[in-house]
file target-v3.cif (mmCIF, C-alpha atoms)
data_work
loop_
_atom_site.label_atom_id
_atom_site.label_comp_id
_atom_site.auth_asym_id
_atom_site.auth_seq_id
_atom_site.Cartn_x
_atom_site.Cartn_y
_atom_site.Cartn_z
CA MET A 21 67.25 56.37 205.28
CA ALA A 22 70.14 55.82 202.86
CA ASN A 23 72.45 54.54 205.63
CA TRP A 24 70.00 52.48 207.72
CA TRP A 25 71.80 49.24 206.82
CA HIS A 26 75.20 50.29 208.22
CA PRO A 27 74.61 48.67 211.68
CA LEU A 28 73.81 45.38 209.93
CA CYS A 29 76.97 45.23 207.80
CA ILE A 30 79.20 43.50 210.36
CA PRO A 31 76.71 40.77 211.44
CA THR A 32 75.82 40.13 207.79
CA LEU A 33 79.47 39.75 206.75
CA LEU A 34 80.17 37.45 209.71
CA PHE A 35 77.13 35.31 208.83
CA LEU A 36 78.27 34.98 205.21
CA CYS A 37 81.77 34.09 206.42
CA ILE A 38 80.41 31.33 208.68
CA LEU A 39 78.23 30.01 205.87
CA PHE A 40 81.15 29.99 203.42
CA PHE A 41 83.39 27.89 205.68
CA LEU A 42 80.57 25.50 206.63
CA LEU A 43 79.88 24.84 202.96
CA LEU A 44 83.54 23.91 202.49
CA LEU A 45 83.49 21.29 205.29
CA PRO A 46 81.33 18.63 203.53
CA THR A 47 83.31 18.96 200.29
CA GLY A 48 86.51 17.81 201.96
CA VAL A 49 88.33 21.06 201.17
CA ILE A 50 88.59 21.50 204.92
CA ASN A 51 89.04 18.45 207.15
CA VAL A 52 88.12 18.83 210.80
CA SER A 53 91.34 17.46 212.21
CA GLY A 54 94.77 18.71 213.18
CA ALA A 55 95.38 22.31 212.21
CA ASP A 56 91.98 22.51 210.50
CA SER A 57 90.33 22.41 213.92
CA LEU A 58 91.27 26.11 214.00
CA VAL A 59 88.55 26.58 211.39
CA LEU A 60 85.96 25.45 213.94
CA ILE A 61 87.35 27.90 216.48
CA PHE A 62 87.13 30.63 213.84
CA ILE A 63 83.50 29.71 213.06
CA PHE A 64 82.68 29.76 216.78
CA LEU A 65 84.25 33.19 217.26
CA CYS A 66 82.44 34.55 214.18
CA THR A 67 79.16 33.29 215.62
CA VAL A 68 79.79 34.92 218.99
CA PHE A 69 80.85 38.26 217.51
CA GLY A 70 78.00 38.09 215.00
CA ILE A 71 75.39 37.76 217.75
CA LEU A 72 77.08 40.52 219.77
CA SER A 73 77.04 42.80 216.74
CA LEU A 74 73.35 42.04 216.25
CA LEU A 75 72.70 43.13 219.81
CA ALA A 76 74.61 46.33 219.06
CA ALA A 77 72.47 46.84 215.93
CA PHE A 78 69.31 46.31 217.99
CA ILE A 79 70.48 48.97 220.48
CA THR A 80 71.16 51.29 217.53
CA GLY A 81 67.55 50.76 216.41
CA ILE A 82 66.31 51.70 219.87
CA ILE A 83 68.42 54.88 219.78
CA GLN A 84 66.96 55.78 216.35
CA LEU A 85 63.49 55.16 217.75
CA PHE A 86 64.10 57.66 220.55
CA LYS A 87 65.36 60.15 217.96
CA LYS A 88 61.96 59.91 216.23
CA ARG A 89 63.44 58.19 213.18
CA GLN A 90 60.78 55.48 213.04
CA LYS A 91 61.52 54.36 209.45
CA ILE A 92 65.22 53.86 210.14
CA ALA A 93 64.46 52.12 213.45
CA GLY A 94 61.88 49.86 211.79
CA SER A 95 64.31 48.88 209.02
CA VAL A 96 67.05 48.12 211.56
CA PHE A 97 64.66 46.07 213.71
CA LEU A 98 63.46 44.09 210.67
CA GLY A 99 67.00 43.40 209.48
CA THR A 100 68.09 42.46 213.01
CA PHE A 101 65.14 40.07 213.39
CA ILE A 102 65.89 38.36 210.06
CA LEU A 103 69.58 37.96 210.89
CA PHE A 104 68.80 36.69 214.40
CA PHE A 105 66.53 34.08 212.82
CA LEU A 106 69.24 33.04 210.33
CA TYR A 107 71.90 32.83 213.06
CA PHE A 108 69.79 30.68 215.35
CA ALA A 109 68.66 28.49 212.44
CA LEU A 110 72.34 27.97 211.63
CA ILE A 111 73.18 27.19 215.26
CA PHE A 112 70.26 24.73 215.45
CA MET A 113 71.46 22.96 212.30
CA LEU A 114 75.02 22.77 213.64
CA ILE A 115 73.92 21.31 216.96
CA ASN A 116 71.76 18.65 215.30
CA SER A 117 74.22 17.76 212.57
CA ALA A 118 77.38 17.77 214.66
CA PRO A 119 78.85 14.30 215.23
CA ARG A 120 78.32 12.97 218.75
CA PRO A 121 81.67 12.00 220.24
CA TYR A 122 80.31 8.84 221.88
CA LYS A 123 78.14 7.66 218.98
CA ASP A 124 79.41 4.86 216.78
CA ASP A 125 78.20 5.39 213.22
CA PHE A 126 79.36 1.97 212.01
CA ALA A 127 75.82 0.66 211.38
CA ASP A 128 74.17 3.92 210.29
CA ASN A 129 73.87 2.86 206.64
CA LEU A 130 73.92 -0.91 207.00
CA LYS A 131 70.98 -3.01 205.87
CA LEU A 132 70.14 -6.58 206.78
CA PRO A 133 71.10 -8.92 203.91
CA ASN A 134 68.12 -10.41 202.09
CA ASP A 135 69.91 -13.44 200.65
CA THR A 136 71.45 -14.73 203.89
CA GLU A 137 69.69 -16.62 206.69
CA LEU A 138 70.25 -14.83 209.98
CA PHE A 139 69.63 -16.52 213.33
CA LEU A 140 68.39 -14.52 216.32
CA PRO A 141 70.24 -14.62 219.65
CA PHE A 142 68.27 -16.01 222.59
CA GLU A 143 67.37 -13.62 225.39
CA ILE A 144 68.70 -14.71 228.76
CA GLY A 145 65.86 -15.07 231.23
CA VAL A 146 63.18 -15.54 228.56
CA GLU A 147 61.86 -19.07 228.35
CA LYS A 148 61.99 -20.62 224.89
CA ASP A 149 61.58 -24.10 223.54
CA PRO A 150 64.93 -25.87 223.79
CA VAL A 151 66.75 -26.16 220.48
CA PRO A 152 68.71 -29.40 220.14
CA PRO A 153 72.30 -28.71 219.10
CA GLN A 154 73.45 -30.07 215.79
CA LYS A 155 76.96 -31.27 215.14
CA ASN A 156 79.14 -28.17 215.14
CA ASP A 157 76.56 -25.60 216.22
CA LEU A 158 76.65 -22.16 217.80
CA PHE A 159 74.05 -20.40 219.95
CA LEU A 160 74.25 -16.74 220.96
CA TYR A 161 72.57 -15.51 224.13
CA GLU A 162 72.02 -11.82 224.83
CA MET A 163 71.49 -9.93 228.06
CA ASP A 164 70.71 -6.27 228.66
CA ILE A 165 73.47 -4.05 229.96
CA ASN A 166 72.04 -1.70 232.59
CA ILE A 167 73.72 0.59 235.08
CA THR A 168 72.64 -0.48 238.55
CA VAL A 169 73.06 2.56 240.79
CA ASP A 170 70.75 2.54 243.80
CA GLY A 171 69.40 5.78 245.20
CA ASP A 172 70.23 7.86 242.15
CA GLU A 173 68.18 10.99 241.55
CA PRO A 174 65.38 10.54 238.97
CA TYR A 175 65.61 12.40 235.68
CA GLU A 176 63.30 13.13 232.76
CA GLU A 177 63.79 11.54 229.34
CA ASN A 178 61.19 11.53 226.54
CA GLY A 179 58.46 12.46 229.00
CA GLU A 180 59.26 9.55 231.35
CA THR A 181 60.70 9.71 234.84
CA LEU A 182 63.69 7.38 234.97
CA ARG A 183 66.52 6.54 237.30
CA GLU A 184 70.07 5.90 236.17
CA TYR A 185 69.76 2.14 236.68
CA ASP A 186 66.91 2.08 234.14
CA LYS A 187 69.20 3.21 231.37
CA SER A 188 70.16 0.50 228.89
CA TYR A 189 73.54 0.41 227.23
CA GLY A 190 72.59 -2.27 224.71
CA VAL A 191 73.25 -5.98 225.01
CA ALA A 192 76.11 -8.30 225.85
CA TYR A 193 76.45 -11.71 224.25
CA LYS A 194 77.53 -15.14 225.40
CA ALA A 195 78.14 -18.03 223.04
CA ASP A 196 77.49 -21.74 223.48
CA ILE A 197 79.77 -23.57 221.09
CA TRP A 198 78.81 -27.20 220.47
CA CYS A 199 81.70 -29.08 218.93
CA ASN A 200 84.25 -31.81 219.36
CA PRO A 201 87.59 -30.97 217.77
CA GLY A 202 88.95 -34.43 218.55
CA GLU A 203 92.13 -33.20 220.22
CA ALA A 204 93.27 -30.86 222.96
CA GLY A 205 93.30 -27.18 222.19
CA SER A 206 91.40 -23.91 222.52
CA ILE A 207 88.53 -22.42 220.53
CA TYR A 208 87.64 -18.80 219.89
CA LEU A 209 85.34 -16.64 217.77
CA LYS A 210 85.98 -14.44 214.78
CA ALA A 211 83.22 -12.15 213.54
CA PHE A 212 82.57 -10.32 210.26
CA GLU A 213 79.86 -7.89 209.20
CA ILE A 214 77.70 -9.14 206.31
CA PRO A 215 77.91 -8.40 203.38
CA HIS A 216 80.96 -6.09 203.43
CA GLU A 217 83.15 -8.64 205.25
CA THR A 218 84.28 -5.98 207.73
CA PRO A 219 86.09 -7.73 210.61
CA LEU A 220 84.56 -7.21 214.06
CA THR A 221 87.71 -7.70 216.09
CA ARG A 222 86.95 -5.70 219.22
CA SER A 223 85.02 -6.44 222.39
CA LEU A 224 83.72 -3.79 224.78
CA ILE A 225 84.23 -4.94 228.36
CA TYR A 226 82.35 -3.22 231.21
CA PHE A 227 83.48 -3.06 234.81
CA TYR A 228 82.53 -1.11 237.93
CA PHE A 229 84.30 1.12 240.46
CA GLY A 230 82.62 0.30 243.74
CA ASP A 231 78.84 0.59 243.54
CA ASP A 232 78.15 3.71 241.55
CA GLU A 233 80.65 4.24 238.72
CA LYS A 234 80.76 2.32 235.47
CA GLY A 235 83.82 2.01 233.29
CA TYR A 236 84.79 0.08 230.20
CA PHE A 237 87.72 -0.74 227.99
CA ILE A 238 88.10 -2.03 224.47
CA GLY A 239 89.42 -5.57 224.41
CA ASP A 240 90.05 -8.14 221.71
CA LEU A 241 87.17 -10.41 220.65
CA LYS A 242 89.49 -13.32 219.97
CA GLU A 243 91.12 -13.04 223.40
CA ARG A 244 87.77 -12.49 225.14
CA THR A 245 86.15 -15.59 223.63
CA THR A 246 89.11 -17.98 223.81
CA ILE A 247 88.33 -21.02 225.99
CA GLN A 248 89.78 -24.48 226.43
CA ALA A 249 87.88 -26.92 224.23
CA GLN A 250 86.35 -30.10 225.57
CA TYR A 251 86.96 -33.07 223.31
CA SER A 252 86.98 -36.83 222.94
CA LYS A 253 88.15 -39.31 220.33
CA ASN A 254 84.53 -40.22 219.60
CA PRO A 255 83.51 -37.88 216.73
CA GLU A 256 79.82 -38.38 217.49
CA GLU A 257 80.14 -36.93 220.98
CA LEU A 258 79.36 -33.22 221.40
CA PHE A 259 80.47 -30.81 224.11
CA CYS A 260 79.11 -27.38 225.06
CA ASN A 261 81.81 -24.74 225.45
CA THR A 262 80.55 -21.43 226.87
CA THR A 263 82.47 -18.18 226.33
CA LYS A 264 82.68 -15.18 228.62
CA ALA A 265 80.26 -12.32 227.99
CA PHE A 266 81.36 -9.95 225.26
CA CYS A 267 79.96 -6.77 223.68
CA ILE A 268 80.24 -5.67 220.06
CA PRO A 269 81.18 -1.96 220.05
CA GLU A 270 80.49 -1.50 216.32
CA GLY A 271 77.11 0.22 215.96
CA GLU A 272 74.61 1.56 218.46
CA PRO A 273 71.92 -0.26 220.48
CA GLY A 274 68.90 -0.92 218.27
CA GLN A 275 70.93 -0.76 215.05
CA PHE A 276 70.69 -4.33 213.80
CA TYR A 277 72.93 -5.81 211.13
CA GLY A 278 74.10 -9.21 209.96
CA ALA A 279 77.27 -10.77 211.34
CA ARG A 280 79.02 -14.05 210.57
CA PHE A 281 80.61 -15.76 213.56
CA GLU A 282 83.34 -18.26 212.81
CA VAL A 283 84.52 -20.85 215.34
CA TRP A 284 88.26 -21.41 215.15
CA PHE A 285 90.35 -24.12 216.82
CA ARG A 286 93.96 -23.73 217.96
CA PRO A 287 95.47 -27.16 218.77
CA TYR A 288 97.92 -27.50 221.62
CA SER A 289 100.00 -29.77 219.38
CA LYS A 290 101.41 -26.70 217.59
CA GLY A 291 99.52 -27.64 214.44
CA PRO A 292 97.91 -24.98 212.23
CA GLU A 293 94.74 -23.28 213.42
CA ARG A 294 91.62 -24.29 211.53
CA LYS A 295 88.07 -23.06 211.18
CA LEU A 296 85.53 -25.55 212.50
CA PHE A 297 82.30 -23.92 211.26
CA GLU A 298 80.39 -20.64 210.99
CA LYS A 299 76.89 -19.27 211.62
CA ASN A 300 75.15 -15.98 210.78
CA PHE A 301 73.31 -13.85 213.36
CA LYS A 302 71.34 -10.63 213.58
CA ILE A 303 73.16 -8.53 216.18
CA GLN A 304 73.39 -4.97 217.50
CA GLY A 305 76.12 -2.83 218.97
CA CYS A 306 76.40 -1.54 222.52
CA LYS A 307 76.91 1.96 223.90
CA SER A 308 80.26 3.12 225.20
#
call {"tool": "encode", "arguments": {"input": "target-v3.cif", "output": "structure tokens"}}
result
Amino acid sequence: MANWWHPLCIPTLLFLCILFFLLLLPTGVINVSGADSLVLIFIFLCTVFGILSLLAAFITGIIQLFKKRQKIAGSVFLGTFILFFLYFALIFMLINSAPRPYKDDFADNLKLPNDTELFLPFEIGVEKDPVPPQKNDLFLYEMDINITVDGDEPYEENGETLREYDKSYGVAYKADIWCNPGEAGSIYLKAFEIPHETPLTRSLIYFYFGDDEKGYFIGDLKERTTIQAQYSKNPEELFCNTTKAFCIPEGEPGQFYGARFEVWFRPYSKGPERKLFEKNFKIQGCKS
């Protein structure tokens, strides 16, 4: 009985080694980038060899059982069971805590500001009472982004039977800019997260290969929303300038946060660019 724990030495040491390196990761002692990615490979190999050594310990217990050494076999089986449980608990925690490569964590800890009025975008296709534009006003309209692939095989998600074209990738926005800059030029949008003033400079642009493959690229919000401004010399006259559709890649669908949209004017006369006005909205990101 004195040596019953020998088969469990290797898996125990490997488990402690994995645990030691995992505890170093959150402290910043080890950064998961560059050469430190070797640490992850080392942890993976320790996990594989640890489970294999547990299987070897379990076989050792079976051999001891056939040799009529029930106490030794029982101790080995108990230790093996406990270590198996610890290994799989560790693997479960790693899987659930590992960062998802396609998840944007920009809005994970953002809260809607309480001291700032946020306007809601209008849903395209949903009838609402018309809102009369004020002088220098901005309206955002949102539309769902869905993959439209006909004849795709159904799949299960959260207990529901879905097809690929039912899957939402968030929303895209269009902007109606009501203004009259009084001279020829172009207008465009700048956006900033509230209250940290983080610039939202990118725009996710979707496109399709044929009928069944979706692609996207990251563009520039300023370039995507730049349009030629309508104008007149009558300052009381208003014009509606509609941008192309654009997506905000910061954050995930359903993660709402406050954003300030600024309307900027670039005159064709080579004069300095100037901000016309701004408006705050409650927006969400889209999925890449």
call {"tool": "closest_residue", "arguments": {"input": "target-v3.cif", "among": "A:Asp128, A:Gly202, A:Ala109, A:Gly70", "to": "A:Ser252", "atoms": "all atoms listed in the file"}}
result
A:Gly202
call {"tool": "atom_distance", "arguments": {"input": "target-v3.cif", "atom1": "atom CA of A:Asp125", "atom2": "atom CA of A:Tyr107"}}
result
28.2 Å
call {"tool": "residues_near_point", "arguments": {"input": "target-v3.cif", "point": "(89.7, -33.7, 220.7)", "cutoff": "10 Å", "atoms": "only C-alpha atoms", "output": "compact mmCIF listing (two decimals) with C-alpha atoms, in the coordinates of the input"}}
result
# COMPACT_ATOMS: atom_id res chain seq x y z
CA CYS A 199 81.70 -29.08 218.93
CA ASN A 200 84.25 -31.81 219.36
CA PRO A 201 87.59 -30.97 217.77
CA GLY A 202 88.95 -34.43 218.55
CA GLU A 203 92.13 -33.20 220.22
CA ALA A 204 93.27 -30.86 222.96
CA GLY A 205 93.30 -27.18 222.19
CA ALA A 249 87.88 -26.92 224.23
CA GLN A 250 86.35 -30.10 225.57
CA TYR A 251 86.96 -33.07 223.31
CA SER A 252 86.98 -36.83 222.94
CA LYS A 253 88.15 -39.31 220.33
CA ASN A 254 84.53 -40.22 219.60
CA PRO A 255 83.51 -37.88 216.73
CA PRO A 287 95.47 -27.16 218.77
call {"tool": "resolve_selection", "arguments": {"input": "target-v3.cif", "expression": "the PyMOL selection byres ((chain A and resi 262-273) around 9)", "output": "PyMOL selection string"}}
result
chain A and resi 123-128+162+188-198+208+220-226+238+241+244-247+260-261+274-277+303-308
call {"tool": "closest_residue", "arguments": {"input": "target-v3.cif", "among": "A:Gly239, A:Phe301, A:Leu130, A:Gln248", "to": "A:Thr218", "atoms": "all atoms listed in the file"}}
result
A:Leu130
call {"tool": "resolve_selection", "arguments": {"input": "target-v3.cif", "expression": "the PyMOL selection byres ((chain A and resi 30) around 12)", "output": "JSON, numbers by chain"}}
result
{"A": [25, 26, 27, 28, 29, 31, 32, 33, 34, 35, 36, 37, 66, 67, 69, 70, 71, 72, 73, 74, 75, 76, 77, 100, 103]}
call {"tool": "atom_distance", "arguments": {"input": "target-v3.cif", "atom1": "atom CA of A:Lys131", "atom2": "atom CA of A:Ala279"}}
result
11.4 Å
call {"tool": "residues_around", "arguments": {"input": "target-v3.cif", "residues": "A:Val96", "least_positions_apart": "2", "cutoff": "7 Å", "atoms": "only C-alpha atoms", "output": "ChimeraX atom specification"}}
result
/A:24-25,81,92-94,98-100
call {"tool": "write_last_selection", "arguments": {"input": "target-v3.cif", "atoms": "C-alpha atoms", "output": "PDB file, in the frame of the given file"}}
result
ATOM      1  CA  TRP A  24      70.000  52.480 207.720  1.00  0.00           C
ATOM      2  CA  TRP A  25      71.800  49.240 206.820  1.00  0.00           C
ATOM      3  CA  GLY A  81      67.550  50.760 216.410  1.00  0.00           C
ATOM      4  CA  ILE A  92      65.220  53.860 210.140  1.00  0.00           C
ATOM      5  CA  ALA A  93      64.460  52.120 213.450  1.00  0.00           C
ATOM      6  CA  GLY A  94      61.880  49.860 211.790  1.00  0.00           C
ATOM      7  CA  LEU A  98      63.460  44.090 210.670  1.00  0.00           C
ATOM      8  CA  GLY A  99      67.000  43.400 209.480  1.00  0.00           C
ATOM      9  CA  THR A 100      68.090  42.460 213.010  1.00  0.00           C
TER      10      THR A 100
END
call {"tool": "atom_distance", "arguments": {"input": "target-v3.cif", "atom1": "atom CA of A:Ser206", "atom2": "atom CA of A:Phe159"}}
result
17.9 Å
call {"tool": "resolve_selection", "arguments": {"input": "target-v3.cif", "expression": "the PyMOL selection byres ((chain A and resi 300) around 8)", "output": "ChimeraX atom specification"}}
result
/A:136-139,278-281,298-299,301-302
call {"tool": "build_atoms", "arguments": {"input": "target-v3.cif", "residues": "stretch 279-307 of chain A", "atoms": "N, CA and C atoms", "output": "mmCIF file, keeping the file's coordinate frame"}}
result
data_model
loop_
_atom_site.group_PDB
_atom_site.id
_atom_site.type_symbol
_atom_site.label_atom_id
_atom_site.label_comp_id
_atom_site.auth_asym_id
_atom_site.auth_seq_id
_atom_site.Cartn_x
_atom_site.Cartn_y
_atom_site.Cartn_z
ATOM 1 N N ALA A 279 75.886 -10.459 211.008
ATOM 2 C CA ALA A 279 77.270 -10.770 211.340
ATOM 3 C C ALA A 279 77.491 -12.274 211.234
ATOM 4 N N ARG A 280 78.624 -12.633 210.661
ATOM 5 C CA ARG A 280 79.020 -14.050 210.570
ATOM 6 C C ARG A 280 80.017 -14.353 211.672
ATOM 7 N N PHE A 281 79.706 -15.329 212.503
ATOM 8 C CA PHE A 281 80.610 -15.760 213.560
ATOM 9 C C PHE A 281 81.270 -17.072 213.138
ATOM 10 N N GLU A 282 82.566 -17.069 213.158
ATOM 11 C CA GLU A 282 83.340 -18.260 212.810
ATOM 12 C C GLU A 282 83.962 -18.838 214.080
ATOM 13 N N VAL A 283 83.900 -20.149 214.216
ATOM 14 C CA VAL A 283 84.520 -20.850 215.340
ATOM 15 C C VAL A 283 85.856 -21.419 214.870
ATOM 16 N N TRP A 284 86.922 -20.979 215.521
ATOM 17 C CA TRP A 284 88.260 -21.410 215.150
ATOM 18 C C TRP A 284 88.873 -22.243 216.266
ATOM 19 N N PHE A 285 89.698 -23.193 215.866
ATOM 20 C CA PHE A 285 90.350 -24.120 216.820
ATOM 21 C C PHE A 285 91.858 -23.967 216.712
ATOM 22 N N ARG A 286 92.509 -23.814 217.881
ATOM 23 C CA ARG A 286 93.960 -23.730 217.960
ATOM 24 C C ARG A 286 94.456 -24.951 218.733
ATOM 25 N N PRO A 287 95.026 -25.935 218.073
ATOM 26 C CA PRO A 287 95.470 -27.160 218.770
ATOM 27 C C PRO A 287 96.687 -26.903 219.642
ATOM 28 N N TYR A 288 96.758 -27.611 220.745
ATOM 29 C CA TYR A 288 97.920 -27.500 221.620
ATOM 30 C C TYR A 288 99.130 -28.226 221.028
ATOM 31 N N SER A 289 98.920 -29.009 219.994
ATOM 32 C CA SER A 289 100.000 -29.770 219.380
ATOM 33 C C SER A 289 100.858 -28.930 218.442
ATOM 34 N N LYS A 290 100.654 -27.626 218.438
ATOM 35 C CA LYS A 290 101.410 -26.700 217.590
ATOM 36 C C LYS A 290 101.037 -26.821 216.108
ATOM 37 N N GLY A 291 99.969 -27.551 215.815
ATOM 38 C CA GLY A 291 99.520 -27.640 214.440
ATOM 39 C C GLY A 291 98.848 -26.347 214.007
ATOM 40 N N PRO A 292 98.528 -26.217 212.724
ATOM 41 C CA PRO A 292 97.910 -24.980 212.230
ATOM 42 C C PRO A 292 96.494 -24.809 212.774
ATOM 43 N N GLU A 293 96.111 -23.560 213.017
ATOM 44 C CA GLU A 293 94.740 -23.280 213.420
ATOM 45 C C GLU A 293 93.798 -23.574 212.263
ATOM 46 N N ARG A 294 92.578 -23.968 212.582
ATOM 47 C CA ARG A 294 91.620 -24.290 211.530
ATOM 48 C C ARG A 294 90.219 -23.825 211.933
ATOM 49 N N LYS A 295 89.458 -23.454 210.933
ATOM 50 C CA LYS A 295 88.070 -23.060 211.180
ATOM 51 C C LYS A 295 87.207 -24.303 211.259
ATOM 52 N N LEU A 296 86.394 -24.395 212.320
ATOM 53 C CA LEU A 296 85.530 -25.550 212.500
ATOM 54 C C LEU A 296 84.212 -25.368 211.749
ATOM 55 N N PHE A 297 83.564 -24.191 211.937
ATOM 56 C CA PHE A 297 82.300 -23.920 211.260
ATOM 57 C C PHE A 297 81.946 -22.456 211.456
ATOM 58 N N GLU A 298 80.839 -22.034 210.873
ATOM 59 C CA GLU A 298 80.390 -20.640 210.990
ATOM 60 C C GLU A 298 78.874 -20.608 211.054
ATOM 61 N N LYS A 299 78.340 -19.460 211.531
ATOM 62 C CA LYS A 299 76.890 -19.270 211.620
ATOM 63 C C LYS A 299 76.603 -17.779 211.599
ATOM 64 N N ASN A 300 75.509 -17.380 210.949
ATOM 65 C CA ASN A 300 75.150 -15.980 210.780
ATOM 66 C C ASN A 300 74.084 -15.557 211.797
ATOM 67 N N PHE A 301 74.243 -14.353 212.361
ATOM 68 C CA PHE A 301 73.310 -13.850 213.360
ATOM 69 C C PHE A 301 72.929 -12.394 213.067
ATOM 70 N N LYS A 302 71.779 -12.016 213.578
ATOM 71 C CA LYS A 302 71.340 -10.630 213.580
ATOM 72 C C LYS A 302 71.726 -10.033 214.931
ATOM 73 N N ILE A 303 72.634 -9.060 214.920
ATOM 74 C CA ILE A 303 73.160 -8.530 216.180
ATOM 75 C C ILE A 303 73.032 -7.013 216.198
ATOM 76 N N GLN A 304 73.371 -6.428 217.332
ATOM 77 C CA GLN A 304 73.390 -4.970 217.500
ATOM 78 C C GLN A 304 74.592 -4.586 218.326
ATOM 79 N N GLY A 305 74.984 -3.321 218.212
ATOM 80 C CA GLY A 305 76.120 -2.830 218.970
ATOM 81 C C GLY A 305 75.718 -2.434 220.384
ATOM 82 N N CYS A 306 76.681 -2.015 221.157
ATOM 83 C CA CYS A 306 76.400 -1.540 222.520
ATOM 84 C C CYS A 306 76.982 -0.152 222.684
ATOM 85 N N LYS A 307 76.527 0.554 223.692
ATOM 86 C CA LYS A 307 76.910 1.960 223.900
ATOM 87 C C LYS A 307 78.127 2.045 224.777
#
